[in-house]
file input.cif (mmCIF, C-alpha atoms)
data_protein
loop_
_atom_site.group_PDB
_atom_site.id
_atom_site.type_symbol
_atom_site.label_atom_id
_atom_site.label_comp_id
_atom_site.auth_asym_id
_atom_site.auth_seq_id
_atom_site.Cartn_x
_atom_site.Cartn_y
_atom_site.Cartn_z
ATOM 1 C CA MET A 1 3.676 -8.840 -17.941
ATOM 2 C CA GLY A 2 1.489 -8.792 -21.005
ATOM 3 C CA PHE A 3 -1.935 -9.257 -19.465
ATOM 4 C CA ASN A 4 -4.458 -6.787 -20.830
ATOM 5 C CA ASN A 5 -7.501 -7.897 -18.858
ATOM 6 C CA VAL A 6 -6.539 -7.880 -15.177
ATOM 7 C CA VAL A 7 -8.297 -7.038 -11.957
ATOM 8 C CA VAL A 8 -6.741 -6.113 -8.628
ATOM 9 C CA LEU A 9 -8.624 -6.972 -5.450
ATOM 10 C CA ASP A 10 -8.755 -3.515 -3.841
ATOM 11 C CA GLY A 11 -7.729 -3.952 -0.224
ATOM 12 C CA GLY A 12 -6.460 -7.472 -0.781
ATOM 13 C CA LEU A 13 -7.112 -10.286 1.645
ATOM 14 C CA PRO A 14 -7.269 -7.953 4.682
ATOM 15 C CA GLN A 15 -10.219 -6.060 3.163
ATOM 16 C CA TRP A 16 -11.836 -9.328 2.060
ATOM 17 C CA LEU A 17 -11.695 -10.583 5.636
ATOM 18 C CA LEU A 18 -13.009 -7.271 7.041
ATOM 19 C CA GLU A 19 -16.024 -7.667 4.781
ATOM 20 C CA ASN A 20 -16.592 -11.170 6.194
ATOM 21 C CA ARG A 21 -16.286 -12.773 2.781
ATOM 22 C CA PRO A 22 -15.831 -16.548 2.547
ATOM 23 C CA THR A 23 -12.418 -18.177 2.767
ATOM 24 C CA VAL A 24 -11.174 -21.744 3.048
ATOM 25 C CA SER A 25 -8.395 -23.093 5.221
ATOM 26 C CA SER A 26 -7.287 -25.806 2.782
ATOM 27 C CA LEU A 27 -7.645 -26.687 -0.887
ATOM 28 C CA GLU A 28 -10.328 -29.100 -1.906
ATOM 29 C CA LYS A 29 -9.019 -32.642 -2.327
ATOM 30 C CA GLU A 30 -10.375 -32.908 -5.842
ATOM 31 C CA ILE A 31 -10.506 -30.014 -8.230
ATOM 32 C CA PRO A 32 -12.946 -30.402 -11.146
ATOM 33 C CA ASP A 33 -11.282 -30.488 -14.578
ATOM 34 C CA GLU A 34 -12.935 -27.222 -15.644
ATOM 35 C CA LEU A 35 -11.224 -25.427 -12.742
ATOM 36 C CA SER A 36 -7.833 -27.106 -13.054
ATOM 37 C CA ALA A 37 -7.209 -25.283 -16.338
ATOM 38 C CA LEU A 38 -7.517 -21.912 -14.598
ATOM 39 C CA GLY A 39 -4.176 -20.389 -13.722
ATOM 40 C CA GLN A 40 -2.411 -21.717 -16.803
ATOM 41 C CA VAL A 41 -1.147 -18.355 -18.017
ATOM 42 C CA SER A 42 1.996 -17.075 -19.672
ATOM 43 C CA GLY A 43 3.300 -13.572 -19.253
ATOM 44 C CA VAL A 44 4.924 -11.510 -21.977
ATOM 45 C CA TYR A 45 7.867 -9.365 -20.911
ATOM 46 C CA GLN A 46 7.168 -5.683 -21.543
ATOM 47 C CA PRO A 47 10.502 -3.852 -21.337
ATOM 48 C CA ASN A 48 8.791 -0.431 -21.476
ATOM 49 C CA LEU A 49 7.276 -1.088 -18.023
ATOM 50 C CA VAL A 50 10.528 -1.797 -16.161
ATOM 51 C CA CYS A 51 13.986 -0.258 -16.060
ATOM 52 C CA ASP A 52 17.404 -0.757 -14.537
ATOM 53 C CA SER A 53 19.816 1.620 -12.822
ATOM 54 C CA SER A 54 21.541 2.631 -16.070
ATOM 55 C CA TYR A 55 18.203 3.907 -17.413
ATOM 56 C CA ILE A 56 17.788 6.049 -14.319
ATOM 57 C CA VAL A 57 21.342 7.411 -14.490
ATOM 58 C CA ASN A 58 20.924 8.238 -18.191
ATOM 59 C CA ASN A 59 17.693 10.176 -17.564
ATOM 60 C CA MET A 60 18.415 12.026 -14.311
ATOM 61 C CA THR A 61 18.801 15.358 -16.105
ATOM 62 C CA ASN A 62 15.697 14.843 -18.248
ATOM 63 C CA GLU A 63 13.032 17.423 -17.308
ATOM 64 C CA ASN A 64 10.218 15.020 -18.263
ATOM 65 C CA PHE A 65 11.407 12.333 -15.856
ATOM 66 C CA ALA A 66 10.633 11.821 -12.158
ATOM 67 C CA ILE A 67 11.340 9.139 -9.578
ATOM 68 C CA ILE A 68 8.921 8.334 -6.759
ATOM 69 C CA ASP A 69 10.007 6.146 -3.851
ATOM 70 C CA ALA A 70 7.233 4.219 -2.036
ATOM 71 C CA ARG A 71 9.149 3.557 1.193
ATOM 72 C CA SER A 72 8.498 5.248 4.513
ATOM 73 C CA ALA A 73 9.935 8.715 5.060
ATOM 74 C CA ALA A 74 12.449 7.328 7.564
ATOM 75 C CA ARG A 75 13.770 4.740 5.113
ATOM 76 C CA PHE A 76 13.759 7.317 2.295
ATOM 77 C CA CYS A 77 15.805 9.724 4.428
ATOM 78 C CA GLY A 78 18.143 6.974 5.622
ATOM 79 C CA THR A 79 17.259 7.420 9.298
ATOM 80 C CA ALA A 80 15.753 3.912 9.551
ATOM 81 C CA THR A 81 17.718 0.805 8.725
ATOM 82 C CA GLU A 82 16.738 -1.255 5.723
ATOM 83 C CA PRO A 83 15.068 -4.587 6.523
ATOM 84 C CA ARG A 84 17.378 -6.598 4.248
ATOM 85 C CA ALA A 85 21.040 -7.027 5.083
ATOM 86 C CA GLY A 86 23.401 -5.293 2.699
ATOM 87 C CA MET A 87 20.844 -2.875 1.287
ATOM 88 C CA ARG A 88 22.019 0.734 1.312
ATOM 89 C CA SER A 89 19.866 3.299 3.098
ATOM 90 C CA GLY A 90 18.760 6.621 1.683
ATOM 91 C CA HIS A 91 17.315 7.374 -1.735
ATOM 92 C CA ILE A 92 18.100 8.063 -5.373
ATOM 93 C CA PRO A 93 19.178 11.715 -5.822
ATOM 94 C CA ASP A 94 16.304 14.049 -6.760
ATOM 95 C CA SER A 95 13.688 11.356 -6.144
ATOM 96 C CA LEU A 96 10.410 12.150 -4.412
ATOM 97 C CA ASN A 97 8.924 10.282 -1.481
ATOM 98 C CA LEU A 98 5.354 8.986 -1.459
ATOM 99 C CA PRO A 99 4.989 6.305 1.213
ATOM 100 C CA PHE A 100 2.579 3.732 -0.189
ATOM 101 C CA ALA A 101 0.320 4.039 2.874
ATOM 102 C CA ASN A 102 -0.459 7.631 1.801
ATOM 103 C CA ILE A 103 -2.474 6.433 -1.188
ATOM 104 C CA LEU A 104 -4.578 4.063 0.908
ATOM 105 C CA ALA A 105 -7.765 4.594 2.892
ATOM 106 C CA ASP A 106 -7.633 1.731 5.362
ATOM 107 C CA HIS A 107 -6.735 -1.225 3.127
ATOM 108 C CA CYS A 108 -8.164 0.152 -0.134
ATOM 109 C CA MET A 109 -6.986 2.738 -2.641
ATOM 110 C CA LYS A 110 -8.196 6.270 -2.156
ATOM 111 C CA ASN A 111 -10.704 7.346 -4.790
ATOM 112 C CA PRO A 112 -9.463 8.509 -8.225
ATOM 113 C CA ALA A 113 -9.956 12.213 -7.445
ATOM 114 C CA GLN A 114 -7.944 11.929 -4.225
ATOM 115 C CA LEU A 115 -5.185 10.032 -6.040
ATOM 116 C CA ALA A 116 -5.150 12.635 -8.817
ATOM 117 C CA ASP A 117 -4.681 15.376 -6.207
ATOM 118 C CA ILE A 118 -1.828 13.507 -4.534
ATOM 119 C CA PHE A 119 0.067 12.950 -7.768
ATOM 120 C CA ALA A 120 -0.692 16.419 -9.185
ATOM 121 C CA SER A 121 0.857 17.982 -6.087
ATOM 122 C CA MET A 122 4.058 16.052 -6.786
ATOM 123 C CA ILE A 123 4.106 15.868 -10.586
ATOM 124 C CA PRO A 124 1.696 18.311 -12.252
ATOM 125 C CA ASN A 125 2.444 17.202 -15.826
ATOM 126 C CA LYS A 126 0.750 13.890 -16.605
ATOM 127 C CA GLN A 127 3.110 13.439 -19.570
ATOM 128 C CA THR A 128 6.099 13.083 -17.232
ATOM 129 C CA GLU A 129 7.626 9.631 -17.202
ATOM 130 C CA ILE A 130 7.537 8.374 -13.616
ATOM 131 C CA ILE A 131 9.871 5.705 -12.314
ATOM 132 C CA PHE A 132 8.574 3.926 -9.190
ATOM 133 C CA THR A 133 10.965 2.427 -6.696
ATOM 134 C CA CYS A 134 11.106 0.985 -3.177
ATOM 135 C CA GLY A 135 13.250 -1.664 -1.520
ATOM 136 C CA SER A 136 12.045 -4.628 -3.575
ATOM 137 C CA GLY A 137 9.472 -3.383 -6.106
ATOM 138 C CA ILE A 138 6.368 -4.541 -4.265
ATOM 139 C CA THR A 139 5.183 -1.281 -2.684
ATOM 140 C CA ALA A 140 6.404 0.591 -5.768
ATOM 141 C CA CYS A 141 3.806 -1.385 -7.730
ATOM 142 C CA ILE A 142 1.100 -0.173 -5.352
ATOM 143 C CA ILE A 143 1.827 3.498 -6.027
ATOM 144 C CA MET A 144 2.418 2.750 -9.711
ATOM 145 C CA LEU A 145 -1.138 1.373 -9.877
ATOM 146 C CA ALA A 146 -2.392 4.437 -7.978
ATOM 147 C CA ALA A 147 -0.685 6.718 -10.529
ATOM 148 C CA SER A 148 -2.406 4.822 -13.323
ATOM 149 C CA ILE A 149 -5.765 5.269 -11.595
ATOM 150 C CA ALA A 150 -4.930 8.989 -11.277
ATOM 151 C CA GLY A 151 -4.429 9.217 -15.051
ATOM 152 C CA TYR A 152 -0.642 8.972 -15.393
ATOM 153 C CA GLN A 153 0.247 6.728 -18.316
ATOM 154 C CA HIS A 154 4.043 6.872 -18.510
ATOM 155 C CA THR A 155 4.894 4.684 -15.532
ATOM 156 C CA VAL A 156 7.895 2.408 -15.138
ATOM 157 C CA LEU A 157 9.039 0.099 -12.315
ATOM 158 C CA TYR A 158 12.646 0.113 -11.107
#
call {"tool": "encode", "arguments": {"input": "input.cif", "output": "structure tokens"}}
result
Amino acid sequence: MGFNNVVVLDGGLPQWLLENRPTVSSLEKEIPDELSALGQVSGVYQPNLVCDSSYIVNNMTNENFAIIDARSAARFCGTATEPRAGMRSGHIPDSLNLPFANILADHCMKNPAQLADIFASMIPNKQTEIIFTCGSGITACIIMLAASIAGYQHTVLY
């Protein structure tokens, strides 16, 4: 969303807790003025990083285009019900399945070489545009980040 200098906490809160790092159970009653300004950010929509269904339909025959679905194999295959009512099961035709857990080692991302191997086995050409999808976009972002770490630069979220 237009932020060039971002950091992702690898492993998130679960990894933070496993490492016995400090946490608080409630916010401080008074926040100093110098800290209250933090968090005042504005995103900038970047249309090249997201797409809609018409974009997918228009590119399905493009040889330099791939779709990777981050859901479990059972949800991808339509053998498990979707967690949200009204959501269709199955997957986009010709899409590939990479359950997001496959790019993790415990709570953290696998190392860059391991991620590169995973993506190269699915999409050998790093110039291929990859569309990432899942049920809501959340786990798709996890594998989209992993693809970026693996050296793929043409990544888009559906």
call {"tool": "atom_distance", "arguments": {"input": "input.cif", "atom1": "atom CA of Tyr158 of chain A", "atom2": "atom CA of Asp69 of chain A"}}
result
9.8 Å
call {"tool": "atom_distance", "arguments": {"input": "input.cif", "atom1": "atom CA of Phe3 of chain A", "atom2": "atom CA of Ala146 of chain A"}}
result
17.9 Å
call {"tool": "closest_residue", "arguments": {"input": "input.cif", "among": "A:Ile56, A:Ala80, A:Ala147, A:Ala105", "to": "Ile118 of chain A", "atoms": "only C-alpha atoms"}}
result
A:Ala147
call {"tool": "closest_residue", "arguments": {"input": "input.cif", "among": "A:His154, A:Arg21, A:Arg88, A:Arg71", "to": "Ala101 of chain A", "atoms": "all atoms listed in the file"}}
result
A:Arg71
call {"tool": "closest_residue", "arguments": {"input": "input.cif", "among": "A:Ile131, A:Ala113, A:Pro124, A:Asn97", "to": "Ala150 of chain A", "atoms": "all atoms listed in the file"}}
result
A:Ala113
call {"tool": "residues_around", "arguments": {"input": "input.cif", "residues": "segment 5-17 of chain A", "least_positions_apart": "5", "cutoff": "12 Å", "atoms": "only C-alpha atoms", "output": "list of chain:residue names"}}
result
A:Pro22, A:Thr23, A:Val24, A:Ala101, A:Ile103, A:Leu104, A:Ala105, A:Asp106, A:His107, A:Cys108, A:Met109, A:Lys110, A:Asn111, A:Cys141, A:Ile142, A:Leu145, A:Ala146, A:Ile149
call {"tool": "atom_distance", "arguments": {"input": "input.cif", "atom1": "atom CA of Phe100 of chain A", "atom2": "atom CA of Ser54 of chain A"}}
result
24.8 Å
call {"tool": "resolve_selection", "arguments": {"input": "input.cif", "expression": "the PyMOL selection byres ((chain A and resi 92) around 9)", "output": "number ranges by chain"}}
result
A: 67, 69, 76, 90-91, 93-96
call {"tool": "closest_residue", "arguments": {"input": "input.cif", "among": "A:Leu98, A:Ala70, A:Ala116, A:Thr79", "to": "Ser136 of chain A", "atoms": "only C-alpha atoms"}}
result
A:Ala70
call {"tool": "residues_around", "arguments": {"input": "input.cif", "residues": "Asn48 of chain A", "least_positions_apart": "5", "cutoff": "10 Å", "atoms": "all atoms listed in the file", "output": "PyMOL selection string"}}
result
chain A and resi 154-157
call {"tool": "closest_residue", "arguments": {"input": "input.cif", "among": "A:Asn4, A:Asn20, A:Ala74, A:Asn62", "to": "Val44 of chain A", "atoms": "only C-alpha atoms"}}
result
A:Asn4
call {"tool": "closest_residue", "arguments": {"input": "input.cif", "among": "A:Ala73, A:Met87, A:Leu18, A:Leu115", "to": "Met144 of chain A", "atoms": "only C-alpha atoms"}}
result
A:Leu115
call {"tool": "resolve_selection", "arguments": {"input": "input.cif", "expression": "the PyMOL selection byres ((chain A and resi 126) around 10)", "output": "number ranges by chain"}}
result
A: 64, 116, 119-120, 123-125, 127-130, 147, 150-154
